[in-house]
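Following: one structure in structure tokens, then a few remarks.
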Amino acid sequence: MKINKTYLIIFICIIITEISIALFLKSGFIRHTFGDFLATILVFSFFKTFSRMSSLKIAIITLIIAFCIEFAQYFQLLNYLNLNQFKLLRVVFGTNFSIQDLVAYTLGVITFYFIDLKLLHNE
């Protein structure tokens with residue numbers, strides 16, 4: 001397995017940004033919507049760091065993961081599994097379903113997919 005350094009750098013930058021948002025912003029557009037937008041870019045770049053899969057496949061997988069997590073919120077999966085007391089799980093999986101989050105995930109994947117194709121020159 002070969003590590004793609006470009007995507008690793010993108011991943012590290014995004015995770016630092018996401019952690020900063022989580023620590024310093026408690027509400028608002030950047031915390032809720034832009035954070036979700038960046039979350040899909042984080043997952044996409046993580047997969048591209050370690051995988052030679054096509055960008056389209058990674059984009060689809062990333063979107064499926066994001067949607068599954070959001071629908072897990074809709075069905076209150078953490079409550080159902082009695083795992084709601086674990087703060088890290090609540091941060092990772094979230095607590096409230098939102099159509100706006102689905103839009104942010106979709107826009108994040110589409111944006112980074114086209115950046116990947118046009119600027120990073122991947123297929």
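Identifiers in this document derive from the order of the structure tokens: chains are assigned A, B, ..., residues are numbered from 1 separately in each chain, and ligands are numbered from 1 in order of occurrence.
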task: Output as JSON, numbers by chain all residues of chain A that backbone DSSP marks as alpha helix (DSSP H).
output: {"A": [5, 6, 7, 8, 9, 10, 11, 12, 13, 14, 15, 16, 17, 18, 19, 20, 21, 22, 23, 24, 29, 35, 36, 37, 38, 39, 40, 41, 42, 43, 44, 45, 46, 47, 48, 49, 50, 55, 56, 57, 58, 59, 60, 61, 62, 63, 64, 65, 66, 67, 68, 69, 70, 71, 72, 73, 74, 77, 78, 79, 80, 87, 88, 89, 90, 91, 92, 93, 99, 100, 101, 102, 103, 104, 105, 106, 107, 108, 109, 110, 111, 112, 113, 114, 115, 116, 117, 118]}
- prompt: Using only C-alpha atoms, which residue out of A:Ser98, A:Thr106, A:Ser51, A:Ser27 lies closest to A:Phe71?
  reply: A:Ser98
Write out as a short mmCIF file (atom, residue, chain, number, x, y, z; two decimals) with C-alpha atoms, in the first residue's frame which residues come within 8 Å of A:Thr62 when counting only C-alpha atoms, dropping same-chain ones fewer than 5 positions away.
data_model
loop_
_atom_site.label_atom_id
_atom_site.label_comp_id
_atom_site.auth_asym_id
_atom_site.auth_seq_id
_atom_site.Cartn_x
_atom_site.Cartn_y
_atom_site.Cartn_z
CA THR A 40 -17.24 14.50 3.56
CA VAL A 43 -13.57 11.07 4.49
CA PHE A 44 -12.93 11.39 0.74
CA VAL A 109 -18.62 15.34 -2.09
#
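Distances from A:Ile10, A:Ile19, A:Phe24, A:Ile58 to A:Leu42 were compared using only C-alpha atoms, and the smallest one belongs to A:Ile10.
Minimum atom-to-atom distance to A:Val92, evaluated using only C-alpha atoms, belongs to A:Ile65 out of A:Leu8, A:Leu107, A:Ile115, A:Ile65.
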field: One-decimal distance in Å that lies between atom CA of A:Glu18 and atom CA of A:Ala72
entry: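 Distance between the two atoms: 21.0 Å.
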